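Undergrad: Contents of entry.cif (mmCIF, C-alpha atoms and all ligand atoms) are below:
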```cif
data_input
loop_
_atom_site.label_atom_id
_atom_site.label_comp_id
_atom_site.auth_asym_id
_atom_site.auth_seq_id
_atom_site.Cartn_x
_atom_site.Cartn_y
_atom_site.Cartn_z
CA MET A 1 3.27 13.12 -8.82
CA LYS A 2 -0.31 13.43 -7.58
CA GLN A 3 0.21 10.90 -4.78
CA HIS A 4 2.23 11.46 -1.62
CA LEU A 5 5.91 12.18 -2.23
CA SER A 6 8.67 12.67 0.33
CA PHE A 7 12.46 12.61 0.41
CA GLU A 8 14.63 11.47 3.29
CA PHE A 9 18.09 12.86 4.02
CA SER A 10 20.74 11.42 6.31
CA ALA A 11 21.68 13.90 9.01
CA PRO A 12 24.76 15.93 8.04
CA ARG A 13 27.81 15.65 10.32
CA ASN A 14 29.46 18.99 9.60
CA PRO A 15 28.81 22.37 7.91
CA GLU A 16 30.19 21.13 4.55
CA GLU A 17 27.73 18.23 4.52
CA THR A 18 24.92 20.59 5.49
CA ALA A 19 25.75 22.92 2.59
CA ARG A 20 25.80 19.96 0.18
CA LEU A 21 22.50 18.70 1.54
CA LEU A 22 20.81 22.04 1.02
CA LYS A 23 21.91 21.99 -2.63
CA VAL A 24 20.37 18.52 -3.03
CA HIS A 25 17.22 19.84 -1.34
CA ASN A 26 17.03 22.66 -3.93
CA LYS A 27 17.26 20.15 -6.77
CA LEU A 28 14.55 17.88 -5.36
CA LYS A 29 12.23 20.75 -4.41
CA VAL A 30 11.12 20.99 -8.06
CA PHE A 31 9.13 17.77 -7.55
CA SER A 32 6.96 19.61 -4.95
CA PRO A 33 7.26 16.92 -2.25
CA ASP A 34 4.88 16.79 0.69
CA PHE A 35 7.92 16.95 2.94
CA PHE A 36 11.62 16.28 3.39
CA SER A 37 12.76 14.34 6.41
CA VAL A 38 16.11 14.21 8.19
CA THR A 39 17.33 11.14 10.08
CA TYR A 40 18.40 11.12 13.71
CA GLY A 41 21.77 9.42 14.06
CA ALA A 42 22.13 6.06 15.69
CA GLY A 43 21.54 6.56 19.39
CA GLY A 44 21.05 10.27 18.72
CA SER A 45 24.71 10.76 17.67
CA THR A 46 23.87 13.40 15.04
CA LYS A 47 21.29 15.30 17.08
CA GLU A 48 22.70 18.73 16.29
CA GLY A 49 23.13 17.92 12.59
CA THR A 50 19.50 16.83 12.39
CA LYS A 51 18.24 19.95 14.13
CA HIS A 52 20.29 22.38 12.06
CA ALA A 53 19.37 20.72 8.75
CA VAL A 54 15.69 20.67 9.72
CA LEU A 55 15.65 24.33 10.70
CA ASP A 56 17.57 25.31 7.52
CA ILE A 57 15.14 23.41 5.27
CA GLN A 58 12.18 24.95 7.10
CA ARG A 59 13.69 28.42 6.60
CA LEU A 60 14.02 27.68 2.87
CA GLY A 61 10.23 27.31 2.77
CA SER A 62 9.90 23.52 2.48
CA ARG A 63 7.90 21.30 4.82
CA VAL A 64 10.26 19.16 6.86
CA ALA A 65 10.01 16.36 9.40
CA PRO A 66 12.81 15.57 11.84
CA HIS A 67 13.26 11.92 12.79
CA LEU A 68 13.31 11.52 16.55
CA SER A 69 14.06 8.83 19.12
CA PHE A 70 14.76 8.84 22.84
CA GLY A 71 18.22 7.37 22.23
CA GLY A 72 19.12 7.54 25.92
CA ASP A 73 17.89 11.12 26.35
CA LYS A 74 15.81 12.30 29.28
CA PRO A 75 12.18 13.27 28.50
CA GLU A 76 12.98 16.95 29.29
CA LYS A 77 15.52 17.00 26.46
CA ILE A 78 13.01 15.61 23.95
CA ASP A 79 10.39 18.03 25.22
CA GLU A 80 12.78 20.95 24.67
CA LEU A 81 13.50 19.79 21.12
CA LEU A 82 9.79 19.38 20.32
CA ARG A 83 9.12 22.94 21.54
CA GLU A 84 11.98 24.25 19.43
CA TYR A 85 10.57 22.56 16.33
CA GLN A 86 7.09 23.79 17.16
CA LYS A 87 8.37 27.35 17.55
CA ALA A 88 10.03 27.14 14.13
CA GLY A 89 6.76 26.00 12.53
CA VAL A 90 7.73 22.37 11.96
CA LYS A 91 4.51 20.33 11.99
CA ARG A 92 5.58 16.76 11.42
CA VAL A 93 7.94 14.27 13.12
CA VAL A 94 9.01 10.70 12.38
CA ALA A 95 8.94 8.87 15.73
CA LEU A 96 11.28 5.89 16.08
CA ARG A 97 12.91 3.59 18.55
CA GLY A 98 16.17 4.19 16.73
CA ASP A 99 19.19 1.95 16.35
CA MET A 100 22.36 2.13 18.43
CA PRO A 101 25.79 2.48 16.79
CA SER A 102 27.26 -1.01 16.31
CA GLY A 103 28.98 -2.31 19.42
CA GLN A 104 26.91 -0.21 21.83
CA ILE A 105 24.25 -2.00 23.78
CA THR A 106 21.65 -0.21 25.82
CA LYS A 107 17.97 -0.61 26.50
CA MET A 108 16.11 1.16 23.70
CA THR A 109 12.79 2.86 24.35
CA PHE A 110 10.14 1.53 21.96
CA ALA A 111 8.71 3.99 19.47
CA ARG A 112 5.23 3.64 21.02
CA GLU A 113 6.47 5.29 24.22
CA LEU A 114 7.86 8.22 22.22
CA ILE A 115 4.53 8.66 20.41
CA GLU A 116 2.72 8.69 23.75
CA PHE A 117 5.21 11.22 25.05
CA ILE A 118 4.81 13.51 22.01
CA ARG A 119 1.01 13.40 22.31
CA LYS A 120 1.17 14.13 26.05
CA SER A 121 3.63 16.95 25.57
CA THR A 122 2.26 18.68 22.46
CA GLY A 123 -1.25 17.27 22.01
CA SER A 124 -2.36 16.90 18.40
CA TYR A 125 0.04 19.58 17.08
CA PHE A 126 2.44 17.21 15.28
CA HIS A 127 1.59 14.84 12.47
CA ILE A 128 3.43 11.70 13.59
CA ASP A 129 4.93 9.27 11.09
CA ILE A 130 6.15 5.85 12.21
CA ALA A 131 8.22 3.04 10.72
CA ALA A 132 6.63 -0.07 9.19
CA TYR A 133 8.28 -3.32 8.06
CA PRO A 134 6.65 -5.24 5.18
CA GLU A 135 9.40 -7.89 5.48
CA THR A 136 9.08 -7.88 9.32
CA HIS A 137 11.43 -6.04 11.68
CA PRO A 138 14.60 -8.10 12.34
CA ASP A 139 13.99 -8.16 16.14
CA SER A 140 10.42 -9.42 15.79
CA ALA A 141 9.45 -12.81 17.11
CA SER A 142 6.78 -13.23 14.38
CA VAL A 143 4.79 -11.47 11.68
CA GLU A 144 1.82 -11.35 14.05
CA SER A 145 3.74 -9.75 16.93
CA ASP A 146 5.27 -7.19 14.56
CA ILE A 147 1.82 -6.17 13.32
CA LYS A 148 0.51 -6.11 16.91
CA PHE A 149 3.28 -3.74 18.02
CA PHE A 150 2.75 -1.67 14.86
CA LYS A 151 -0.93 -1.35 15.77
CA ASN A 152 0.05 -0.23 19.28
CA LYS A 153 1.92 2.69 17.69
CA VAL A 154 -1.13 3.61 15.61
CA ASP A 155 -3.38 3.41 18.68
CA ALA A 156 -0.90 5.63 20.56
CA GLY A 157 -1.53 8.41 18.04
CA ALA A 158 0.54 7.89 14.87
CA ASN A 159 -1.00 9.42 11.75
CA SER A 160 0.85 7.65 8.94
CA ALA A 161 3.76 5.31 8.30
CA ILE A 162 6.78 4.93 6.07
CA THR A 163 8.11 1.47 5.34
CA GLN A 164 11.59 0.06 5.45
CA TYR A 165 12.70 -0.40 1.85
CA PHE A 166 12.10 -3.67 0.01
CA TYR A 167 12.42 -4.90 -3.57
CA ASN A 168 9.52 -7.33 -3.58
CA ALA A 169 6.18 -5.58 -4.11
CA ASP A 170 4.27 -8.65 -2.86
CA ALA A 171 5.75 -8.14 0.62
CA TYR A 172 4.13 -4.68 0.73
CA PHE A 173 0.73 -5.83 -0.55
CA ARG A 174 0.65 -8.75 1.89
CA TYR A 175 1.58 -6.37 4.72
CA MET A 176 -1.24 -4.03 3.71
CA ASP A 177 -3.69 -6.97 3.79
CA ASN A 178 -2.43 -7.97 7.25
CA CYS A 179 -2.82 -4.39 8.48
CA ALA A 180 -6.34 -4.11 7.04
CA SER A 181 -7.36 -7.32 8.79
CA CYS A 182 -6.16 -5.78 12.08
CA ASN A 183 -8.15 -2.57 11.43
CA ILE A 184 -5.05 -0.48 10.80
CA ASN A 185 -6.21 2.24 8.46
CA ILE A 186 -3.46 4.86 8.37
CA PRO A 187 -1.62 5.57 5.08
CA ILE A 188 1.49 3.34 4.81
CA VAL A 189 3.87 4.85 2.29
CA PRO A 190 6.49 2.53 0.77
CA GLY A 191 10.10 3.55 1.37
CA ILE A 192 12.10 3.40 -1.87
CA MET A 193 15.84 2.84 -1.93
CA PRO A 194 17.43 3.64 -5.31
CA ILE A 195 20.34 1.37 -6.27
CA THR A 196 23.60 3.00 -7.31
CA ASN A 197 26.33 1.02 -5.60
CA TYR A 198 26.76 -2.75 -5.17
CA LYS A 199 28.71 -2.90 -1.92
CA GLY A 200 26.61 -0.17 -0.31
CA ILE A 201 23.25 -1.78 -1.03
CA VAL A 202 24.41 -5.24 0.04
CA ARG A 203 25.85 -3.96 3.35
CA PHE A 204 22.90 -1.75 4.08
CA SER A 205 20.35 -4.47 3.31
CA LYS A 206 22.15 -6.93 5.57
CA ASN A 207 22.11 -4.41 8.43
CA CYS A 208 18.42 -3.56 8.22
CA GLY A 209 17.09 -6.97 7.18
CA ALA A 210 15.87 -5.93 3.70
CA GLU A 211 15.91 -8.76 1.19
CA ILE A 212 17.49 -8.35 -2.24
CA PRO A 213 15.89 -11.05 -4.43
CA ARG A 214 18.48 -13.52 -5.73
CA TRP A 215 17.94 -12.65 -9.40
CA MET A 216 18.63 -9.00 -8.61
CA LEU A 217 21.59 -9.74 -6.38
CA LYS A 218 23.20 -11.90 -9.06
CA GLN A 219 22.75 -9.20 -11.70
CA LEU A 220 24.08 -6.48 -9.39
CA GLU A 221 27.04 -8.70 -8.55
CA SER A 222 27.91 -9.11 -12.21
CA TYR A 223 27.72 -5.34 -12.72
CA GLN A 224 29.74 -4.40 -9.63
CA ASP A 225 32.70 -3.17 -11.70
CA GLN A 226 30.52 -1.54 -14.35
CA PRO A 227 28.96 1.45 -12.55
CA ASN A 228 26.95 2.65 -15.55
CA SER A 229 25.37 -0.75 -16.19
CA LEU A 230 24.68 -1.17 -12.48
CA LYS A 231 22.99 2.23 -12.25
CA ALA A 232 20.93 1.58 -15.40
CA PHE A 233 19.79 -1.79 -14.04
CA GLY A 234 19.02 -0.26 -10.62
CA LEU A 235 17.01 2.51 -12.23
CA GLU A 236 15.01 0.05 -14.32
CA VAL A 237 14.11 -2.35 -11.49
CA VAL A 238 13.32 0.35 -8.94
CA THR A 239 11.17 2.27 -11.46
CA GLU A 240 9.25 -0.95 -12.15
CA LEU A 241 8.83 -1.53 -8.42
CA CYS A 242 7.42 2.00 -7.97
CA GLU A 243 5.02 1.50 -10.89
CA LYS A 244 3.77 -1.78 -9.41
CA LEU A 245 3.29 -0.18 -5.99
CA LEU A 246 1.41 2.85 -7.29
CA ASP A 247 -0.72 0.76 -9.69
CA GLY A 248 -1.54 -1.54 -6.77
CA GLY A 249 -2.84 1.34 -4.65
CA ALA A 250 0.15 2.53 -2.59
CA PRO A 251 -0.59 6.08 -1.35
CA GLY A 252 2.69 7.45 -2.71
CA LEU A 253 6.46 7.09 -2.36
CA HIS A 254 9.11 8.04 0.20
CA PHE A 255 12.64 8.11 -1.21
CA TYR A 256 15.73 7.27 0.81
CA THR A 257 17.91 9.73 -1.09
CA LEU A 258 21.25 9.04 0.67
CA ASN A 259 21.74 12.76 0.15
CA GLN A 260 21.89 12.55 -3.64
CA ALA A 261 19.36 14.12 -6.01
CA LEU A 262 19.96 12.21 -9.23
CA PRO A 263 18.92 8.62 -8.29
CA SER A 264 15.49 9.63 -6.94
CA ALA A 265 14.99 12.30 -9.61
CA SER A 266 15.72 9.78 -12.41
CA ILE A 267 13.11 7.37 -11.05
CA LEU A 268 10.54 10.14 -10.73
CA ARG A 269 11.21 11.35 -14.28
CA ASN A 270 10.74 7.76 -15.52
CA LEU A 271 7.44 7.52 -13.63
CA ASN A 272 6.23 10.86 -14.97
CA SER A 273 7.20 10.14 -18.59
P1 LIG A 301 9.59 -0.04 17.36
O1 LIG A 301 8.33 0.22 16.66
O2 LIG A 301 9.71 0.36 18.78
O3 LIG A 301 9.86 -1.62 17.20
C1 LIG A 301 11.16 -2.17 17.37
C2 LIG A 301 11.06 -3.69 17.52
O4 LIG A 301 10.54 -4.01 18.78
C3 LIG A 301 10.14 -4.40 16.53
O5 LIG A 301 10.65 -5.67 16.29
C4 LIG A 301 8.82 -4.48 17.28
O6 LIG A 301 7.99 -5.51 16.77
C5 LIG A 301 9.32 -4.74 18.68
N1 LIG A 301 8.46 -4.23 19.75
C6 LIG A 301 7.76 -3.07 19.76
N2 LIG A 301 7.14 -2.91 20.94
C7 LIG A 301 7.47 -3.99 21.71
C8 LIG A 301 7.15 -4.39 23.02
N3 LIG A 301 6.36 -3.68 23.82
N4 LIG A 301 7.68 -5.57 23.49
C9 LIG A 301 8.49 -6.33 22.70
N5 LIG A 301 8.82 -5.99 21.42
C10 LIG A 301 8.31 -4.84 20.94
N6 LIG A 301 16.99 4.64 12.86
C11 LIG A 301 17.71 5.66 13.42
O7 LIG A 301 18.53 5.40 14.31
N7 LIG A 301 17.52 6.96 13.01
C12 LIG A 301 16.62 7.30 12.06
O8 LIG A 301 16.48 8.48 11.71
C13 LIG A 301 15.84 6.26 11.45
N8 LIG A 301 14.90 6.53 10.52
C14 LIG A 301 14.13 5.53 10.02
C15 LIG A 301 13.10 5.83 9.11
C16 LIG A 301 12.28 4.84 8.61
C17 LIG A 301 11.19 5.20 7.63
C18 LIG A 301 12.49 3.48 8.99
C19 LIG A 301 11.64 2.38 8.41
C20 LIG A 301 13.49 3.17 9.89
C21 LIG A 301 14.32 4.17 10.43
N9 LIG A 301 15.32 3.90 11.36
C22 LIG A 301 16.07 4.92 11.90
C23 LIG A 301 15.58 2.53 11.79
C24 LIG A 301 14.76 2.17 13.06
O9 LIG A 301 15.12 3.00 14.13
C25 LIG A 301 15.05 0.73 13.37
O10 LIG A 301 14.49 -0.12 12.42
C26 LIG A 301 14.73 0.28 14.79
O11 LIG A 301 15.36 -0.97 14.99
C27 LIG A 301 13.26 0.12 15.06
O12 LIG A 301 12.63 1.33 15.14
P2 LIG A 301 11.00 1.39 15.26
O13 LIG A 301 10.65 2.79 15.46
O14 LIG A 301 10.40 0.64 14.15
O15 LIG A 301 10.84 0.57 16.62
#
```
Could I get this structure in the form of structure tokens?

TA:
Amino acid sequence: MKQHLSFEFSAPRNPEETARLLKVHNKLKVFSPDFFSVTYGAGGSTKEGTKHAVLDIQRLGSRVAPHLSFGGDKPEKIDELLREYQKAGVKRVVALRGDMPSGQITKMTFARELIEFIRKSTGSYFHIDIAAYPETHPDSASVESDIKFFKNKVDAGANSAITQYFYNADAYFRYMDNCASCNINIPIVPGIMPITNYKGIVRFSKNCGAEIPRWMLKQLESYQDQPNSLKAFGLEVVTELCEKLLDGGAPGLHFYTLNQALPSASILRNLNS
């Protein structure tokens, strides 16, 4: 792909998961992505897993971006982590507010404050990615306030953004228009979630506020006990979504891999064929 391409991994929780993840990384490396990224567990619960996976991927010669959030940590702790990444040659981070594990309630530090902190601590060294929500973040009071707070993150020093996943291309194009009218000019790369499992995608979408259009949901529902048909349908609709996005001017694609190579690789092969 000539446009931007990146792959996101969920942070591994143990050495076995790390080993599996590195194998998936090796399979996806053939697509020459701009970077791989590794999530930071809810409330920072997989901090060590994130760090080890990031440093391993960096050692394997790929560009990698750790996700990062305050998650209850003191600034000194984040500063230490940033220096460690910097020392290892990591040049990019995904700065987030983060989500807490279900049941835990604590005041979360907005992503803007983390961006300000990173800029204060390490200047312009890191390329900072941020999260964007074409279907509006679930906590937002309105579309306008969501865009306003998104702009605050850009003004604080973010370089580019990755969106929450969505299955309706119009939501992305409308979001881009809204951003343009607010003078937000950073690249906003659509996040792509392949579909391979009915229960998983329904649960996940409910949690993060991503809409599955009714016609898709109904079809997925009818295929829930036919994994091959479900995967074929998922591949077809997500490939079409990617085509629409790229044809409409999206700067590239960011794949939520869920630590599997095949679903993202199949979509990319379809796009390249
Ligand atoms: P923010 O930009 O801080 O916004 C959060 C909410 O608060 C929004 O509704 C916003 O409009 C509102 N808001 C912002 N500023 C203010 C203010 N000053 N006053 C009032 N309201 C305000 N979660 C993880 O735990 N780990 C990960 O690794 C991870 N990776 C992700 C990667 C991507 C690409 C995306 C899209 C999401 C990811 N998430 C991750 C989920 C993310 O942490 C959640 O969606 C979280 O709820 C919001 O994070 P944010 O950085 O967008 O927050």

Undergrad: Taking 4 positions as the minimum chain separation for residues in the same chain, which residues sit within 8 Å of Ala210 (chain A) when counting only C-alpha atoms? Answer as a list in words.

TA: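 These residues fall inside the cut-off: Glu135, Gln164, Tyr165, Phe166, Ser205 and Lys206 of chain A.
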
Undergrad: Counting only C-alpha atoms, which residues come within 12 Å of (16.5, 21.6, -5.6), with the point read in the file's coordinates, and could you list them as a ChimeraX atom specification?

TA: /A:7,20-33,36,57,60-62,259-262,265

Undergrad: In Å to one decimal, how far is CA of Phe204 (chain A) from CA of Arg63 (chain A)?

TA: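 Between these atoms lies a distance of 27.5 Å.
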
Undergrad: Grab the CA of Asp99 (chain A) to CA of Tyr198 (chain A) distance for me, in Å with one decimal place.

TA: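 Computed distance, CA of Asp99 (chain A) to CA of Tyr198 (chain A), equals 23.3 Å.
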
Undergrad: Closest to Cys179 (chain A) among A:His137, A:Ala132, A:Thr50, A:Asn197, using all atoms listed in the file?

TA: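 Distance minimum relative to Cys179 (chain A) lands on A:Ala132.
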
Undergrad: Around ligand LIG 301 (chain A), out to 7 Å and counting only C-alpha atoms and all ligand atoms, which residues are there? I want them as a PyMOL selection string.

TA: chain A and resi 38-43+67-68+95-100+109-112+130-133+137-140+145-146+149-150+153+162-164+191+208

Undergrad: Would you kindly return, as a PyMOL selection string, each protein, DNA or RNA residue with an atom no farther than 8 Å from any atom of region 180-187 of chain A, considering all atoms listed in the file and excluding same-chain residues fewer than 6 positions away?

TA: chain A and resi 151+154+159-161+251

Undergrad: With all atoms listed in the file as the basis for distance, which of A:Ala169, A:Ala158, A:Ile147, A:Val90 is at the shortest distance from Lys244 (chain A)?

TA: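 That would be A:Ala169, the residue with the smallest distance to Lys244 (chain A).
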
Undergrad: Could you work out how far CA of Asn152 (chain A) lies from CA of Ala88 (chain A), giving the answer in Å with one decimal?

TA: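 Between CA of Ala88 (chain A) and CA of Asn152 (chain A) the gap is 29.6 Å.
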
Undergrad: Please determine, counting all atoms listed in the file, which residue among A:Leu235, A:Leu230, A:Met193, A:Ile128 has the shortest atom-to-atom distance to His254 (chain A).

TA: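 Using all atoms listed in the file, His254 (chain A) sits closest to A:Met193.
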
Undergrad: A:Asp129, A:Phe117, A:Asn14, A:Asp225: which is nearest Val189 (chain A), counting all atoms listed in the file?

TA: A:Asp129

Undergrad: When you count all atoms listed in the file, which of these residues is closest to Ser264 (chain A): A:Thr196, A:Ser10, A:Asn178, A:Ser229?

TA: A:Thr196

Undergrad: Using only C-alpha atoms, find the one residue out of A:Ser37, A:Ser142, A:Ser69, A:Thr136 that sits nearest to Arg92 (chain A).

TA: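 Counting only C-alpha atoms, the residue closest to Arg92 (chain A) is A:Ser37.
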
Undergrad: Padding 8 Å on every side, please: axis-aligned box over the listed atoms of region 201-212 of chain A, centre and edge lengths to one decimal in Å, as JSON.

TA:
```
{"center_x": 20.9, "center_y": -5.3, "center_z": 3.1, "size_x": 26.0, "size_y": 23.0, "size_z": 26.7}
```
